[in-house]
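S.K.: Below: one structure in structure tokens.
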Amino acid sequence: MATSTSAGLMSLLAHRTAHGDAHRTSAPAGAVALEDYGFAGFPGNPLLASALNEAREAVLLEHRPAELGGAGDIGSHIADLPVPEDATRLAEWGPGPRAALAEFELLTRVSFVPPADGGSPAILNDADGGEIVRITRPPIGLFRAQLGDVDAQAGGRDGRSAEVLTQVAPPIAFYASVVNLRAHRHRRTMDLVNAAIVFANTTVMRFKHSFACPRPSDFSAAIQPLVEVPPHASFPAGHACEGQVIATVLAALIPNAAGSNLGDILRSVAFRIAENRIVAGLHFPVDNLAGRLLGDALASYFISRCTPRIWHAGRFNTVAAGDAALAKAVDGEAPFGGYRCESAERPLSSPNRLLAQLWADALTEW
């Protein structure tokens, strides 16, 4: 019986770790969230529920309001229901609901056009018909030509294994260490960054599925990746895309970034994180080139939905097999500046009200 109970508790704890904690507000190390005291379905604590019920009955024997919700009760000041669609009320919701709202506002504005054939581009469009990004898949010969680059990069694994292992999950810590991002001080900033990451991840997965490009280890047994191969396609690279989004959003948000080299530092962090995925044997250089272009385009679009700014669409054009040596991301390159990459300026549009509120809330933390 004890074994069964223990197994059940472990299952509940695992479920909370995998699902419930995603909805909790970030807290600094050592801090105790309200859920840890027994609320929000904390597993294994029926004693608290019983105690709360007993305490309620005892207290209300003497202090029950004469009229529920009326004079003397805590809700007596509520004269009417709130104004619908008030973006400022975002501050009242938890991080999970705020994230869901942000993703709804972003994803319901875009549409995906898959490639008509192997040589045609896949396109992400805005609801108004404006193109956000267009990517064309390289031929198989280019991937084969870059296998040697991936193999050569494996020589750097000894010096980068710690980075590779800690960057499997979204590597927020590497950006946080640059901008002094702190969990207790920048909760709304993390809400904004997380919304951008989820938008980027969802979008890059759609491109990956459409192109279905093999990983380096699918081509050669000599690659032997340093970590488990992700369960999705190789091109374009997700870490490269998300890294550019994080770097660009933070550089645009932080008020004093424009007068410093902070943006360059953040882009270099993103470049190294993406390069580490090649070192680990998980990506081709061209994956990072296209992923970076996608990240630049999505970041520009995301920021324009949050604050009034002109945004730039991106285009990754056909790369021939003979251009394998050129089809690589380069540290220090300007946005949209990679080989066979282009950008096009889009007209100024009105930001989304909910996303604009997320941006404004995050801005107050700086």
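Residue numbers start at 1 in each chain; chains themselves are named A, B, ... in the order of the structure tokens; ligands are numbered from 1 in the order shown.
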Give me the residues within 8 Å of Ala329 in chain A as a short mmCIF file (atom, residue, chain, number, x, y, z; two decimals) with C-alpha atoms, in the first residue's frame, counting only C-alpha atoms and dropping any in the same chain fewer than 6 places off.

M.R.:
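Saved to selection04.cif:
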data_model
loop_
_atom_site.label_atom_id
_atom_site.label_comp_id
_atom_site.auth_asym_id
_atom_site.auth_seq_id
_atom_site.Cartn_x
_atom_site.Cartn_y
_atom_site.Cartn_z
CA PHE A 271 25.38 33.43 -32.42
CA PRO A 285 25.65 25.81 -40.86
CA VAL A 286 22.87 26.61 -43.34
CA ASN A 288 21.64 28.52 -38.52
CA LEU A 289 21.78 30.94 -41.44
CA ARG A 292 18.84 33.58 -37.85
CA GLY A 338 23.52 36.77 -44.06
CA TYR A 339 24.37 35.22 -47.41
#

S.K.: Please identify the alpha helix (DSSP H) residues within range 152-192 of chain A (assignment by DSSP from backbone atoms) and present them as a list in words.

M.R.: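 Taking range 152-192 of chain A and keeping alpha helix (DSSP H) gives Ala152, Gln153, Arg157, Asp158, Gly159, Arg160, Ser161, Ala162, Glu163, Val164, Leu165, Thr166, Ile172, Ala173, Phe174, Tyr175, Ala176, Ser177, Val178, Val179, Arg187, Arg188, Thr189, Met190, Asp191 and Leu192 of chain A.
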
S.K.: Keeping only N, CA and C atoms, write the selected residues to a file as a tab-separated table (two decimals), in the first residue's frame.

M.R.:
chain	number	residue	atom	x	y	z
A	152	ALA	N	34.08	18.81	-38.58
A	152	ALA	CA	35.22	19.60	-38.11
A	152	ALA	C	34.90	20.33	-36.81
A	153	GLN	N	33.68	20.79	-36.67
A	153	GLN	CA	33.29	21.52	-35.45
A	153	GLN	C	33.27	20.62	-34.23
A	157	ARG	N	34.14	20.20	-28.98
A	157	ARG	CA	33.18	19.73	-27.96
A	157	ARG	C	33.74	19.77	-26.54
A	158	ASP	N	35.00	19.48	-26.38
A	158	ASP	CA	35.57	19.47	-25.03
A	158	ASP	C	35.44	20.84	-24.37
A	159	GLY	N	35.65	21.88	-25.14
A	159	GLY	CA	35.60	23.22	-24.58
A	159	GLY	C	34.20	23.80	-24.47
A	160	ARG	N	33.22	23.16	-25.10
A	160	ARG	CA	31.87	23.73	-25.12
A	160	ARG	C	30.80	22.80	-24.58
A	161	SER	N	31.18	21.67	-24.03
A	161	SER	CA	30.18	20.69	-23.59
A	161	SER	C	29.26	21.25	-22.51
A	162	ALA	N	29.80	22.06	-21.60
A	162	ALA	CA	28.95	22.64	-20.56
A	162	ALA	C	27.90	23.57	-21.17
A	163	GLU	N	28.31	24.35	-22.15
A	163	GLU	CA	27.36	25.23	-22.83
A	163	GLU	C	26.30	24.43	-23.57
A	164	VAL	N	26.74	23.42	-24.29
A	164	VAL	CA	25.80	22.60	-25.07
A	164	VAL	C	24.74	21.99	-24.15
A	165	LEU	N	25.18	21.43	-23.05
A	165	LEU	CA	24.26	20.74	-22.14
A	165	LEU	C	23.28	21.70	-21.47
A	166	THR	N	23.75	22.88	-21.10
A	166	THR	CA	22.88	23.83	-20.40
A	166	THR	C	22.01	24.63	-21.36
A	172	ILE	N	17.94	31.19	-21.31
A	172	ILE	CA	17.68	32.55	-20.83
A	172	ILE	C	18.83	33.07	-19.97
A	173	ALA	N	19.45	32.18	-19.19
A	173	ALA	CA	20.51	32.61	-18.27
A	173	ALA	C	21.65	33.32	-18.99
A	174	PHE	N	21.94	32.94	-20.22
A	174	PHE	CA	23.06	33.52	-20.94
A	174	PHE	C	22.76	34.97	-21.36
A	175	TYR	N	21.51	35.27	-21.58
A	175	TYR	CA	21.10	36.64	-21.88
A	175	TYR	C	20.92	37.43	-20.58
A	176	ALA	N	20.38	36.76	-19.57
A	176	ALA	CA	20.16	37.42	-18.28
A	176	ALA	C	21.46	37.91	-17.68
A	177	SER	N	22.54	37.17	-17.87
A	177	SER	CA	23.82	37.57	-17.30
A	177	SER	C	24.37	38.82	-17.98
A	178	VAL	N	23.92	39.10	-19.20
A	178	VAL	CA	24.38	40.29	-19.93
A	178	VAL	C	23.60	41.53	-19.52
A	179	VAL	N	22.28	41.40	-19.40
A	179	VAL	CA	21.42	42.57	-19.14
A	179	VAL	C	21.03	42.70	-17.67
A	187	ARG	N	9.74	40.30	-13.69
A	187	ARG	CA	8.73	39.28	-14.01
A	187	ARG	C	7.97	39.62	-15.28
A	188	ARG	N	7.62	40.87	-15.46
A	188	ARG	CA	6.88	41.26	-16.66
A	188	ARG	C	7.77	41.20	-17.90
A	189	THR	N	9.05	41.45	-17.73
A	189	THR	CA	9.98	41.30	-18.84
A	189	THR	C	10.05	39.84	-19.27
A	190	MET	N	10.07	38.93	-18.30
A	190	MET	CA	10.09	37.51	-18.63
A	190	MET	C	8.80	37.09	-19.31
A	191	ASP	N	7.66	37.68	-18.91
A	191	ASP	CA	6.40	37.40	-19.61
A	191	ASP	C	6.53	37.77	-21.09
A	192	LEU	N	7.10	38.94	-21.33
A	192	LEU	CA	7.26	39.42	-22.71
A	192	LEU	C	8.21	38.52	-23.49

S.K.: So which one's closest to Asn317 in chain A, A:Pro335, A:Gly243, A:Pro46, A:Pro138? Using only C-alpha atoms, please.

M.R.: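 Distance minimum relative to Asn317 in chain A lands on A:Pro138.
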
S.K.: In Å to one decimal, how far is CA of Met205 in chain A from CA of Cys241 in chain A?

M.R.: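 That distance, rounded to one decimal, is 10.6 Å.
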
S.K.: Can you list, as a compact mmCIF listing (two decimals) with N, CA and C atoms, in the first residue's frame, every protein, DNA or RNA residue that comes within 7 Å of range 247-255 of chain A when you count only C-alpha atoms, leaving out same-chain residues fewer than 6 positions away?

M.R.:
# COMPACT_ATOMS: atom_id res chain seq x y z
N LEU A 262 25.20 46.98 -26.29
CA LEU A 262 24.45 45.87 -25.70
C LEU A 262 23.84 44.99 -26.79
N GLY A 263 23.28 45.62 -27.82
CA GLY A 263 22.69 44.83 -28.89
C GLY A 263 23.68 43.92 -29.56
N LEU A 266 24.43 40.96 -27.23
CA LEU A 266 23.33 40.00 -27.21
C LEU A 266 23.29 39.17 -28.49
N ARG A 267 23.56 39.79 -29.62
CA ARG A 267 23.59 39.04 -30.88
C ARG A 267 24.75 38.05 -30.90
N ALA A 270 23.68 35.09 -28.94
CA ALA A 270 22.78 34.27 -29.76
C ALA A 270 23.56 33.47 -30.81
N ALA A 299 11.29 38.69 -34.81
CA ALA A 299 11.53 39.69 -33.77
C ALA A 299 11.03 41.06 -34.21
N ILE A 303 7.95 42.94 -32.26
CA ILE A 303 8.12 44.26 -31.65
C ILE A 303 7.10 45.24 -32.23
N LEU A 363 8.43 47.42 -19.70
CA LEU A 363 9.26 48.61 -19.77
C LEU A 363 9.40 49.30 -18.41
N TRP A 366 12.48 48.64 -16.15
CA TRP A 366 13.82 49.11 -16.51
C TRP A 366 13.98 50.59 -16.26

S.K.: Give the strand (DSSP E) residues of range 115-276 of chain A, as assigned by DSSP on the backbone, as a list in words.

M.R.: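 Put together, the selection reads Pro121, Ala122, Ile123, Leu124, Asn125, Asp126, Glu131, Ile132, Val133, Arg134, Ile135 and Thr136 of chain A.
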
S.K.: For C-alpha atoms, I'd like the residues from the last selection saved as a PDB file, in the first residue's frame.

M.R.:
ATOM      1  CA  PRO A 121       9.412  28.891 -50.693  1.00  0.00           C
ATOM      2  CA  ALA A 122       7.320  28.571 -47.557  1.00  0.00           C
ATOM      3  CA  ILE A 123       5.793  31.892 -46.527  1.00  0.00           C
ATOM      4  CA  LEU A 124       4.482  33.364 -43.289  1.00  0.00           C
ATOM      5  CA  ASN A 125       1.984  36.182 -43.844  1.00  0.00           C
ATOM      6  CA  ASP A 126       0.375  38.778 -41.633  1.00  0.00           C
ATOM      7  CA  GLU A 131       4.668  38.978 -45.958  1.00  0.00           C
ATOM      8  CA  ILE A 132       6.594  38.407 -42.717  1.00  0.00           C
ATOM      9  CA  VAL A 133       9.160  35.892 -43.915  1.00  0.00           C
ATOM     10  CA  ARG A 134       9.837  33.732 -46.964  1.00  0.00           C
ATOM     11  CA  ILE A 135      12.255  30.782 -46.826  1.00  0.00           C
ATOM     12  CA  THR A 136      13.368  28.457 -49.605  1.00  0.00           C
TER      13      THR A 136
END

S.K.: Which one is closest to Asp287 in chain A: A:His209, A:His184, A:His239, A:His232? Count only C-alpha atoms.

M.R.: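 Counting only C-alpha atoms, the residue closest to Asp287 in chain A is A:His239.
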
S.K.: For the atom pair CA of Ala116 in chain A and CA of Phe211 in chain A, what is the interatomic distance in Å to one decimal place?

M.R.: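 CA of Phe211 in chain A lies 11.1 Å from CA of Ala116 in chain A.
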
S.K.: For each of A:His63, A:Arg353, A:Arg56, A:Lys208, take the minimum atom-to-atom distance to Cys306 in chain A, counting only C-alpha atoms, then give the residue where this is smallest.

M.R.: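 Among the listed residues, the smallest separation from Cys306 in chain A belongs to A:Arg353.
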
S.K.: Would you kindly return, as a PDB file with C-alpha atoms, in the first residue's frame, each protein, DNA or RNA residue with an atom no farther than 8 Å from any atom of Leu282 in chain A, considering only C-alpha atoms and excluding same-chain residues fewer than 2 positions away?

M.R.:
ATOM      1  CA  ARG A 215      19.859  16.044 -39.349  1.00  0.00           C
ATOM      2  CA  PRO A 216      23.624  15.621 -39.858  1.00  0.00           C
ATOM      3  CA  SER A 217      23.506  12.313 -37.970  1.00  0.00           C
ATOM      4  CA  PRO A 225      25.845  13.980 -31.592  1.00  0.00           C
ATOM      5  CA  VAL A 229      18.881  14.505 -31.356  1.00  0.00           C
ATOM      6  CA  SER A 234      16.855  20.280 -38.877  1.00  0.00           C
ATOM      7  CA  ARG A 277      24.359  23.273 -31.884  1.00  0.00           C
ATOM      8  CA  ILE A 278      26.674  22.650 -34.840  1.00  0.00           C
ATOM      9  CA  VAL A 279      29.481  21.726 -32.457  1.00  0.00           C
ATOM     10  CA  ALA A 280      27.113  19.234 -30.822  1.00  0.00           C
ATOM     11  CA  PHE A 284      24.269  22.274 -40.449  1.00  0.00           C
TER      12      PHE A 284
END

S.K.: Excluding same-chain residues fewer than 5 positions from Pro347 in chain A, what lies within 12 Å of it counting only C-alpha atoms, as a list in words?

M.R.: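 Here the answer would be Asp128, Gly130, Glu131, Ile132, Tyr301, Ser304, Pro308, Arg309, Ile310, Trp311, His312 and Ala313 of chain A.
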
S.K.: Check the smallest atom-to-atom distance from each of A:Ala258, A:Ala196, A:Leu61, A:Ala99 to Val245 in chain A using only C-alpha atoms, then report the winner.

M.R.: A:Ala196
